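With mmCIF, C-alpha atoms inside, this is protein_19.cif:
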data_data
#
loop_
_atom_site.group_PDB
_atom_site.id
_atom_site.type_symbol
_atom_site.label_atom_id
_atom_site.label_comp_id
_atom_site.auth_asym_id
_atom_site.auth_seq_id
_atom_site.Cartn_x
_atom_site.Cartn_y
_atom_site.Cartn_z
ATOM 1 C CA MET A 1 -53.810 -11.314 -5.244
ATOM 2 C CA GLY A 2 -55.341 -8.598 -7.194
ATOM 3 C CA ASP A 3 -57.935 -7.940 -9.721
ATOM 4 C CA ILE A 4 -56.852 -5.206 -12.105
ATOM 5 C CA ARG A 5 -59.073 -2.466 -13.422
ATOM 6 C CA ARG A 6 -58.270 -2.221 -17.111
ATOM 7 C CA ARG A 7 -59.478 0.820 -19.032
ATOM 8 C CA GLY A 8 -61.471 0.223 -22.138
ATOM 9 C CA ALA A 9 -62.333 -3.348 -22.832
ATOM 10 C CA VAL A 10 -61.827 -4.249 -20.184
ATOM 11 C CA ALA A 11 -59.239 -34.890 -13.201
ATOM 12 C CA LEU A 12 -57.500 -35.273 -11.381
ATOM 13 C CA GLY A 13 -59.078 -35.406 -8.018
ATOM 14 C CA ILE A 14 -59.477 -32.816 -5.364
ATOM 15 C CA THR A 15 -56.450 -31.432 -3.674
ATOM 16 C CA GLY A 16 -58.559 -29.968 -0.926
ATOM 17 C CA LEU A 17 -59.531 -26.376 -0.602
ATOM 18 C CA VAL A 18 -60.051 -23.705 1.784
ATOM 19 C CA ALA A 19 -62.216 -20.767 1.706
ATOM 20 C CA PRO A 20 -60.295 -18.168 3.614
ATOM 21 C CA LEU A 21 -62.924 -17.162 6.120
ATOM 22 C CA THR A 22 -63.304 -13.669 7.508
ATOM 23 C CA ILE A 23 -65.252 -14.738 10.568
ATOM 24 C CA ALA A 24 -64.021 -12.783 13.566
ATOM 25 C CA LEU A 25 -61.916 -14.825 15.937
ATOM 26 C CA GLY A 26 -63.281 -13.041 18.955
ATOM 27 C CA ALA A 27 -61.434 -12.478 22.171
ATOM 28 C CA THR A 28 -57.999 -14.052 22.185
ATOM 29 C CA PRO A 29 -57.133 -16.062 25.298
ATOM 30 C CA ALA A 30 -54.074 -15.495 27.400
ATOM 31 C CA GLN A 31 -51.030 -16.483 25.405
ATOM 32 C CA ALA A 32 -47.606 -17.801 26.072
ATOM 33 C CA ALA A 33 -44.795 -16.140 24.153
ATOM 34 C CA SER A 34 -45.496 -18.126 20.990
ATOM 35 C CA CYS A 35 -48.180 -20.696 21.769
ATOM 36 C CA THR A 36 -51.393 -20.449 23.745
ATOM 37 C CA THR A 37 -51.955 -22.825 26.627
ATOM 38 C CA GLN A 38 -55.735 -22.518 26.458
ATOM 39 C CA ALA A 39 -58.142 -24.751 24.563
ATOM 40 C CA GLY A 40 -60.276 -23.088 21.925
ATOM 41 C CA PRO A 41 -64.022 -23.540 21.317
ATOM 42 C CA TYR A 42 -63.289 -25.970 18.451
ATOM 43 C CA GLN A 43 -60.557 -27.887 20.275
ATOM 44 C CA LYS A 44 -61.975 -31.391 19.813
ATOM 45 C CA LYS A 45 -62.857 -30.869 16.154
ATOM 46 C CA VAL A 46 -59.425 -29.442 15.408
ATOM 47 C CA GLU A 47 -57.731 -32.268 17.299
ATOM 48 C CA LYS A 48 -59.669 -34.833 15.268
ATOM 49 C CA PHE A 49 -58.822 -33.144 11.982
ATOM 50 C CA LEU A 50 -55.119 -33.108 12.836
ATOM 51 C CA GLY A 51 -55.098 -36.703 14.093
ATOM 52 C CA ARG A 52 -54.388 -35.647 17.662
ATOM 53 C CA PRO A 53 -55.849 -37.335 20.771
ATOM 54 C CA VAL A 54 -59.386 -35.966 21.031
ATOM 55 C CA ASP A 55 -59.719 -34.866 24.641
ATOM 56 C CA GLY A 56 -60.602 -31.192 24.327
ATOM 57 C CA ARG A 57 -57.586 -30.171 26.377
ATOM 58 C CA GLN A 58 -54.735 -28.126 24.989
ATOM 59 C CA SER A 59 -51.318 -29.734 25.212
ATOM 60 C CA ALA A 60 -47.958 -28.515 24.021
ATOM 61 C CA ALA A 61 -48.129 -31.052 21.183
ATOM 62 C CA ASP A 62 -51.653 -29.935 20.254
ATOM 63 C CA CYS A 63 -50.537 -26.319 20.141
ATOM 64 C CA LYS A 64 -47.519 -27.175 18.019
ATOM 65 C CA ALA A 65 -49.696 -29.049 15.487
ATOM 66 C CA ILE A 66 -52.353 -26.319 15.331
ATOM 67 C CA LYS A 67 -49.735 -23.601 15.052
ATOM 68 C CA ALA A 68 -48.015 -25.461 12.186
ATOM 69 C CA PHE A 69 -51.337 -25.692 10.322
ATOM 70 C CA GLN A 70 -52.024 -21.997 10.870
ATOM 71 C CA THR A 71 -48.549 -20.995 9.749
ATOM 72 C CA LYS A 72 -48.739 -23.150 6.619
ATOM 73 C CA HIS A 73 -51.982 -21.531 5.510
ATOM 74 C CA GLY A 74 -51.395 -17.962 6.673
ATOM 75 C CA ILE A 75 -54.003 -17.999 9.436
ATOM 76 C CA THR A 76 -53.399 -15.319 12.049
ATOM 77 C CA PRO A 77 -52.803 -15.116 14.888
ATOM 78 C CA ASN A 78 -50.812 -18.330 14.548
ATOM 79 C CA ILE A 79 -50.639 -19.123 18.248
ATOM 80 C CA GLY A 80 -52.141 -22.611 18.179
ATOM 81 C CA TYR A 81 -55.615 -21.529 19.300
ATOM 82 C CA ALA A 82 -58.485 -23.680 18.001
ATOM 83 C CA GLY A 83 -60.753 -20.800 17.017
ATOM 84 C CA SER A 84 -63.443 -20.241 14.412
ATOM 85 C CA ILE A 85 -61.180 -19.302 11.498
ATOM 86 C CA THR A 86 -58.944 -22.332 11.935
ATOM 87 C CA TRP A 87 -61.872 -24.706 12.244
ATOM 88 C CA GLY A 88 -63.694 -23.006 9.344
ATOM 89 C CA VAL A 89 -60.746 -23.745 7.069
ATOM 90 C CA MET A 90 -60.600 -27.360 8.198
ATOM 91 C CA ASP A 91 -64.353 -27.820 7.864
ATOM 92 C CA LEU A 92 -64.260 -26.535 4.302
ATOM 93 C CA MET A 93 -61.376 -28.861 3.485
ATOM 94 C CA ASN A 94 -63.528 -31.762 4.683
ATOM 95 C CA LYS A 95 -66.448 -30.624 2.537
ATOM 96 C CA GLN A 96 -64.226 -30.334 -0.516
ATOM 97 C CA LYS A 97 -62.826 -33.809 -0.044
ATOM 98 C CA ALA A 98 -66.394 -35.108 0.099
ATOM 99 C CA VAL A 99 -67.036 -33.726 -3.413
ATOM 100 C CA GLY A 100 -64.723 -36.326 -4.906
ATOM 101 C CA SER A 101 -64.659 -36.516 -8.688
ATOM 102 C CA ASP A 102 -68.218 -35.267 -9.277
ATOM 103 C CA PRO A 103 -68.039 -31.507 -8.600
ATOM 104 C CA ASN A 104 -71.099 -30.708 -10.737
ATOM 105 C CA LYS A 105 -73.363 -33.229 -9.058
ATOM 106 C CA ASP A 106 -75.867 -30.463 -8.347
ATOM 107 C CA GLY A 107 -75.908 -29.516 -12.058
ATOM 108 C CA LYS A 108 -75.420 -25.819 -11.378
ATOM 109 C CA CYS A 109 -72.597 -25.334 -13.885
ATOM 110 C CA PRO A 110 -74.055 -25.438 -17.442
ATOM 111 C CA VAL A 111 -73.524 -28.624 -19.426
ATOM 112 C CA ASN A 112 -74.807 -27.165 -22.706
ATOM 113 C CA LYS A 113 -71.893 -24.805 -23.370
ATOM 114 C CA GLY A 114 -69.189 -27.219 -24.427
ATOM 115 C CA ARG A 115 -65.884 -26.555 -22.679
ATOM 116 C CA ILE A 116 -66.424 -24.338 -19.650
ATOM 117 C CA ALA A 117 -64.515 -23.444 -16.483
ATOM 118 C CA CYS A 118 -66.700 -23.652 -13.377
ATOM 119 C CA VAL A 119 -66.098 -21.845 -10.078
ATOM 120 C CA ASN A 120 -68.043 -22.834 -6.967
ATOM 121 C CA LEU A 121 -67.533 -19.957 -4.534
ATOM 122 C CA THR A 122 -69.263 -21.751 -1.660
ATOM 123 C CA LEU A 123 -66.757 -24.600 -1.720
ATOM 124 C CA GLN A 124 -63.872 -22.600 -3.221
ATOM 125 C CA LEU A 125 -63.479 -25.184 -5.977
ATOM 126 C CA SER A 126 -62.957 -24.902 -9.703
ATOM 127 C CA TRP A 127 -62.926 -27.406 -12.536
ATOM 128 C CA ILE A 128 -63.147 -27.606 -16.306
ATOM 129 C CA GLN A 129 -65.851 -29.652 -17.977
ATOM 130 C CA ASP A 130 -66.939 -30.320 -21.542
ATOM 131 C CA GLY A 131 -70.658 -30.953 -21.542
ATOM 132 C CA ASP A 132 -71.132 -33.361 -18.667
ATOM 133 C CA ARG A 133 -67.580 -34.739 -18.959
ATOM 134 C CA LEU A 134 -65.054 -33.655 -16.348
ATOM 135 C CA VAL A 135 -61.848 -32.490 -18.052
ATOM 136 C CA TYR A 136 -59.771 -31.263 -15.091
ATOM 137 C CA GLY A 137 -60.249 -30.864 -11.373
ATOM 138 C CA PRO A 138 -61.820 -30.122 -9.053
ATOM 139 C CA VAL A 139 -59.035 -28.004 -7.597
ATOM 140 C CA PRO A 140 -58.935 -25.520 -4.697
ATOM 141 C CA VAL A 141 -59.068 -21.835 -5.522
ATOM 142 C CA ARG A 142 -58.855 -18.599 -3.565
ATOM 143 C CA THR A 143 -61.505 -16.067 -4.585
ATOM 144 C CA GLY A 144 -62.425 -12.531 -3.587
ATOM 145 C CA ARG A 145 -62.531 -11.451 0.029
ATOM 146 C CA ASN A 146 -65.352 -9.482 1.609
ATOM 147 C CA GLY A 147 -65.718 -6.200 -0.299
ATOM 148 C CA TYR A 148 -63.884 -7.611 -3.342
ATOM 149 C CA GLU A 149 -66.161 -10.535 -4.134
ATOM 150 C CA THR A 150 -65.629 -12.519 -7.301
ATOM 151 C CA ARG A 151 -68.691 -11.698 -9.374
ATOM 152 C CA THR A 152 -71.130 -14.471 -10.205
ATOM 153 C CA GLY A 153 -72.729 -15.428 -13.507
ATOM 154 C CA LEU A 154 -71.802 -16.616 -16.982
ATOM 155 C CA LYS A 155 -68.578 -15.006 -18.248
ATOM 156 C CA THR A 156 -66.235 -15.333 -21.209
ATOM 157 C CA ILE A 157 -62.439 -15.340 -21.270
ATOM 158 C CA TYR A 158 -61.689 -12.166 -23.203
ATOM 159 C CA TRP A 159 -57.960 -11.653 -22.673
ATOM 160 C CA ARG A 160 -54.985 -13.796 -21.688
ATOM 161 C CA HIS A 161 -51.561 -12.631 -20.576
ATOM 162 C CA LYS A 162 -49.034 -15.210 -19.446
ATOM 163 C CA ASP A 163 -46.685 -12.777 -17.662
ATOM 164 C CA HIS A 164 -49.157 -10.211 -16.389
ATOM 165 C CA VAL A 165 -48.375 -7.799 -13.514
ATOM 166 C CA SER A 166 -51.182 -5.972 -11.722
ATOM 167 C CA SER A 167 -51.194 -2.251 -12.465
ATOM 168 C CA ILE A 168 -52.979 -1.589 -9.149
ATOM 169 C CA TYR A 169 -51.292 -3.926 -6.682
ATOM 170 C CA HIS A 170 -47.989 -4.238 -8.564
ATOM 171 C CA VAL A 171 -47.761 -7.972 -8.022
ATOM 172 C CA PRO A 172 -47.167 -10.745 -10.574
ATOM 173 C CA MET A 173 -50.255 -12.510 -11.918
ATOM 174 C CA PRO A 174 -48.784 -15.380 -13.995
ATOM 175 C CA TYR A 175 -51.015 -17.216 -16.467
ATOM 176 C CA SER A 176 -53.760 -14.603 -16.241
ATOM 177 C CA GLN A 177 -57.006 -15.372 -18.055
ATOM 178 C CA PHE A 178 -59.453 -12.486 -17.648
ATOM 179 C CA PHE A 179 -63.160 -13.229 -17.682
ATOM 180 C CA ASP A 180 -64.917 -10.291 -15.969
ATOM 181 C CA GLY A 181 -63.543 -6.775 -15.803
ATOM 182 C CA GLY A 182 -60.254 -7.127 -13.963
ATOM 183 C CA GLN A 183 -61.095 -10.554 -12.544
ATOM 184 C CA ALA A 184 -59.044 -13.471 -13.803
ATOM 185 C CA PHE A 185 -57.738 -16.930 -13.156
ATOM 186 C CA HIS A 186 -54.064 -16.633 -12.260
ATOM 187 C CA SER A 187 -51.281 -18.253 -10.298
ATOM 188 C CA VAL A 188 -50.135 -17.187 -6.823
ATOM 189 C CA ASN A 189 -47.401 -18.435 -4.533
ATOM 190 C CA LEU A 190 -49.717 -18.629 -1.546
ATOM 191 C CA SER A 191 -51.713 -21.339 0.124
ATOM 192 C CA MET A 192 -55.216 -21.563 -1.305
ATOM 193 C CA TRP A 193 -56.284 -21.422 2.343
ATOM 194 C CA ASN A 194 -54.650 -18.067 3.008
ATOM 195 C CA PRO A 195 -57.184 -15.619 4.523
ATOM 196 C CA PRO A 196 -58.928 -13.441 3.781
ATOM 197 C CA GLY A 197 -58.863 -14.003 -0.004
ATOM 198 C CA SER A 198 -58.045 -12.184 -3.215
ATOM 199 C CA HIS A 199 -59.099 -8.786 -4.542
ATOM 200 C CA GLY A 200 -61.585 -10.498 -6.852
ATOM 201 C CA CYS A 201 -59.441 -12.805 -8.943
ATOM 202 C CA THR A 202 -59.625 -16.579 -8.794
ATOM 203 C CA ASN A 203 -56.219 -17.509 -7.431
ATOM 204 C CA MET A 204 -54.770 -20.916 -8.265
ATOM 205 C CA THR A 205 -51.648 -22.923 -7.536
ATOM 206 C CA PRO A 206 -48.953 -22.585 -10.215
ATOM 207 C CA LYS A 207 -49.628 -26.152 -11.361
ATOM 208 C CA ASP A 208 -53.361 -25.606 -11.776
ATOM 209 C CA ALA A 209 -53.008 -22.165 -13.377
ATOM 210 C CA LYS A 210 -50.640 -23.631 -15.988
ATOM 211 C CA LYS A 211 -53.070 -26.459 -16.693
ATOM 212 C CA TYR A 212 -55.959 -24.020 -17.094
ATOM 213 C CA TRP A 213 -53.787 -22.001 -19.473
ATOM 214 C CA SER A 214 -53.239 -25.092 -21.616
ATOM 215 C CA LEU A 215 -56.883 -26.208 -21.578
ATOM 216 C CA LEU A 216 -58.684 -22.892 -22.063
ATOM 217 C CA LYS A 217 -58.568 -20.243 -24.776
ATOM 218 C CA LYS A 218 -59.994 -16.832 -25.536
ATOM 219 C CA GLY A 219 -63.756 -17.089 -25.998
ATOM 220 C CA ASP A 220 -64.244 -20.026 -23.621
ATOM 221 C CA ASP A 221 -66.994 -19.715 -21.042
ATOM 222 C CA VAL A 222 -66.598 -19.355 -17.290
ATOM 223 C CA PHE A 223 -69.460 -19.843 -14.850
ATOM 224 C CA VAL A 224 -69.174 -18.523 -11.289
ATOM 225 C CA TYR A 225 -71.808 -19.356 -8.687
ATOM 226 C CA GLY A 226 -72.416 -19.644 -4.968
ATOM 227 C CA ARG A 227 -71.142 -17.429 -2.190
ATOM 228 C CA LYS A 228 -67.798 -17.560 -0.460
ATOM 229 C CA PRO A 229 -68.029 -18.095 3.299
ATOM 230 C CA GLY A 230 -67.390 -14.878 5.150
ATOM 231 C CA THR A 231 -68.607 -12.577 2.355
#

Just give me the structure as structure tokens.
Amino acid sequence: MGDIRRRGAVALGITGLVAPLTIALGATPAQAASCTTQAGPYQKKVEKFLGRPVDGRQSAADCKAIKAFQTKHGITPNIGYAGSITWGVMDLMNKQKAVGSDPNKDGKCPVNKGRIACVNLTLQLSWIQDGDRLVYGPVPVRTGRNGYETRTGLKTIYWRHKDHVSSIYHVPMPYSQFFDGGQAFHSVNLSMWNPPGSHGCTNMTPKDAKKYWSLLKKGDDVFVYGRKPGT
């Protein structure tokens, strides 16, 4: 959802995550009314991810499973085609699962700041740590799309508004915690895998946004690093 532009001043284990990719799907194959009969370039990989027989051939059951995944996560067109966007989401989910309970293994999020919220744009993950102790997460997030990238660097939570509504996009932003201009952590009722991403904010599930609200306060640090796929 949105980042606002204000005038003036301005663990729980990984749930999986998806960076909503903006890679072009390319030419769409011939379609049936609601489900394509053609195999996509990532057919075998998608079949394996979904637990389908891995034969590289599109079946009605394959299409139904792929289409259900696409519909759940807002991937369009949701015609059951195993294209680059669908596989990109699945591939990122696999990478996030591999992180396990050590999201700061690379040491990129500072451990000398006390309590800090970390955002890894590359993996579309966030967590809260205190020194080198993991407090909460990692959890999937949905950050800024191409042209509205979530800005990187060390930030500070400067304003919190539990029942905020965007003045630009006129959409609810529950549990907003602003850390850079109009960019904030906040809840959305969307899949974290929903392409192409937010307008700069770090979207979270309602459960995770509420937990961040309870664990963070004004003045706490936020560190954003990496680069979201497709931006």

Q | Evaluate the PyMOL selection byres ((chain A and resi 180) around 10) and report residues as a PyMOL selection string | A | chain A and resi 3+10+150-159+177-179+181-184+200-201+222

Q. From the list A:Phe49, A:Tyr169, A:Tyr148, A:Tyr136, which residue is nearest Gly88 (chain A) when using only C-alpha atoms?
A. A:Phe49

Q. Closest to Glu149 (chain A) among A:Lys95, A:Lys113, A:Lys228, A:His186, using all atoms listed in the file?
A. A:Lys228

**Q.** Nearest-residue call for Thr36 (chain A), choices A:Ala60, A:Met192, A:Val111, A:Ile128, using only C-alpha atoms
**A.**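 Ranking A:Ala60, A:Met192, A:Val111, A:Ile128 by distance to Thr36 (chain A), first place goes to A:Ala60.
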
Q.
Please determine, counting all atoms listed in the file, which residue among A:Thr37, A:Asn194, A:Asn120, A:Thr71 has the shortest atom-to-atom distance to Lys105 (chain A).
A.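 Result for the nearest residue to Lys105 (chain A): A:Asn120.
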
Where atoms are absent from region 98-117 of chain A, fill them in so it carries N, CA, C and O atoms, then output it as a CSV table (one decimal), keeping the file's coordinate frame.
chain,number,residue,atom,x,y,z
A,98,ALA,N,-65.2,-34.3,0.3
A,98,ALA,CA,-66.4,-35.1,0.1
A,98,ALA,C,-66.9,-35.0,-1.3
A,98,ALA,O,-67.7,-35.8,-1.8
A,99,VAL,N,-66.6,-33.9,-2.0
A,99,VAL,CA,-67.0,-33.7,-3.4
A,99,VAL,C,-66.5,-34.8,-4.3
A,99,VAL,O,-67.2,-35.3,-5.3
A,100,GLY,N,-65.3,-35.3,-4.1
A,100,GLY,CA,-64.7,-36.3,-4.9
A,100,GLY,C,-64.5,-35.9,-6.3
A,100,GLY,O,-64.1,-34.8,-6.6
A,101,SER,N,-64.9,-36.8,-7.3
A,101,SER,CA,-64.7,-36.5,-8.7
A,101,SER,C,-65.9,-36.1,-9.4
A,101,SER,O,-66.0,-36.2,-10.6
A,102,ASP,N,-66.9,-35.7,-8.7
A,102,ASP,CA,-68.2,-35.3,-9.3
A,102,ASP,C,-68.6,-33.9,-8.8
A,102,ASP,O,-69.6,-33.7,-8.1
A,103,PRO,N,-67.8,-32.9,-9.1
A,103,PRO,CA,-68.0,-31.5,-8.6
A,103,PRO,C,-69.3,-30.9,-9.1
A,103,PRO,O,-69.8,-30.0,-8.4
A,104,ASN,N,-69.9,-31.3,-10.2
A,104,ASN,CA,-71.1,-30.7,-10.7
A,104,ASN,C,-72.3,-31.6,-10.5
A,104,ASN,O,-73.3,-31.6,-11.3
A,105,LYS,N,-72.3,-32.3,-9.4
A,105,LYS,CA,-73.4,-33.2,-9.1
A,105,LYS,C,-74.7,-32.5,-9.0
A,105,LYS,O,-75.7,-33.0,-9.3
A,106,ASP,N,-74.6,-31.2,-8.5
A,106,ASP,CA,-75.9,-30.5,-8.3
A,106,ASP,C,-76.3,-29.9,-9.7
A,106,ASP,O,-77.4,-29.3,-9.8
A,107,GLY,N,-75.5,-30.0,-10.7
A,107,GLY,CA,-75.9,-29.5,-12.1
A,107,GLY,C,-76.0,-28.0,-12.2
A,107,GLY,O,-76.5,-27.5,-13.2
A,108,LYS,N,-75.3,-27.3,-11.3
A,108,LYS,CA,-75.4,-25.8,-11.4
A,108,LYS,C,-74.5,-25.2,-12.4
A,108,LYS,O,-74.8,-24.1,-12.9
A,109,CYS,N,-73.4,-25.9,-12.8
A,109,CYS,CA,-72.6,-25.3,-13.9
A,109,CYS,C,-73.1,-25.9,-15.2
A,109,CYS,O,-73.3,-27.1,-15.4
A,110,PRO,N,-73.4,-25.0,-16.2
A,110,PRO,CA,-74.1,-25.4,-17.4
A,110,PRO,C,-73.3,-26.6,-18.2
A,110,PRO,O,-72.1,-26.5,-18.3
A,111,VAL,N,-74.1,-27.5,-18.7
A,111,VAL,CA,-73.5,-28.6,-19.4
A,111,VAL,C,-73.8,-28.5,-20.9
A,111,VAL,O,-73.5,-29.4,-21.7
A,112,ASN,N,-74.4,-27.4,-21.3
A,112,ASN,CA,-74.8,-27.2,-22.7
A,112,ASN,C,-73.9,-26.1,-23.4
A,112,ASN,O,-74.3,-25.5,-24.4
A,113,LYS,N,-72.8,-25.8,-22.8
A,113,LYS,CA,-71.9,-24.8,-23.4
A,113,LYS,C,-70.6,-25.4,-24.0
A,113,LYS,O,-69.8,-24.6,-24.4
A,114,GLY,N,-70.5,-26.7,-24.0
A,114,GLY,CA,-69.2,-27.2,-24.4
A,114,GLY,C,-68.2,-27.0,-23.3
A,114,GLY,O,-68.5,-27.1,-22.1
A,115,ARG,N,-66.9,-26.7,-23.7
A,115,ARG,CA,-65.9,-26.6,-22.7
A,115,ARG,C,-66.1,-25.3,-21.9
A,115,ARG,O,-66.3,-24.2,-22.4
A,116,ILE,N,-66.1,-25.5,-20.5
A,116,ILE,CA,-66.4,-24.3,-19.6
A,116,ILE,C,-65.7,-24.5,-18.3
A,116,ILE,O,-65.5,-25.7,-17.9
A,117,ALA,N,-65.2,-23.4,-17.8
A,117,ALA,CA,-64.5,-23.4,-16.5
A,117,ALA,C,-65.6,-23.1,-15.4
A,117,ALA,O,-66.2,-22.0,-15.6
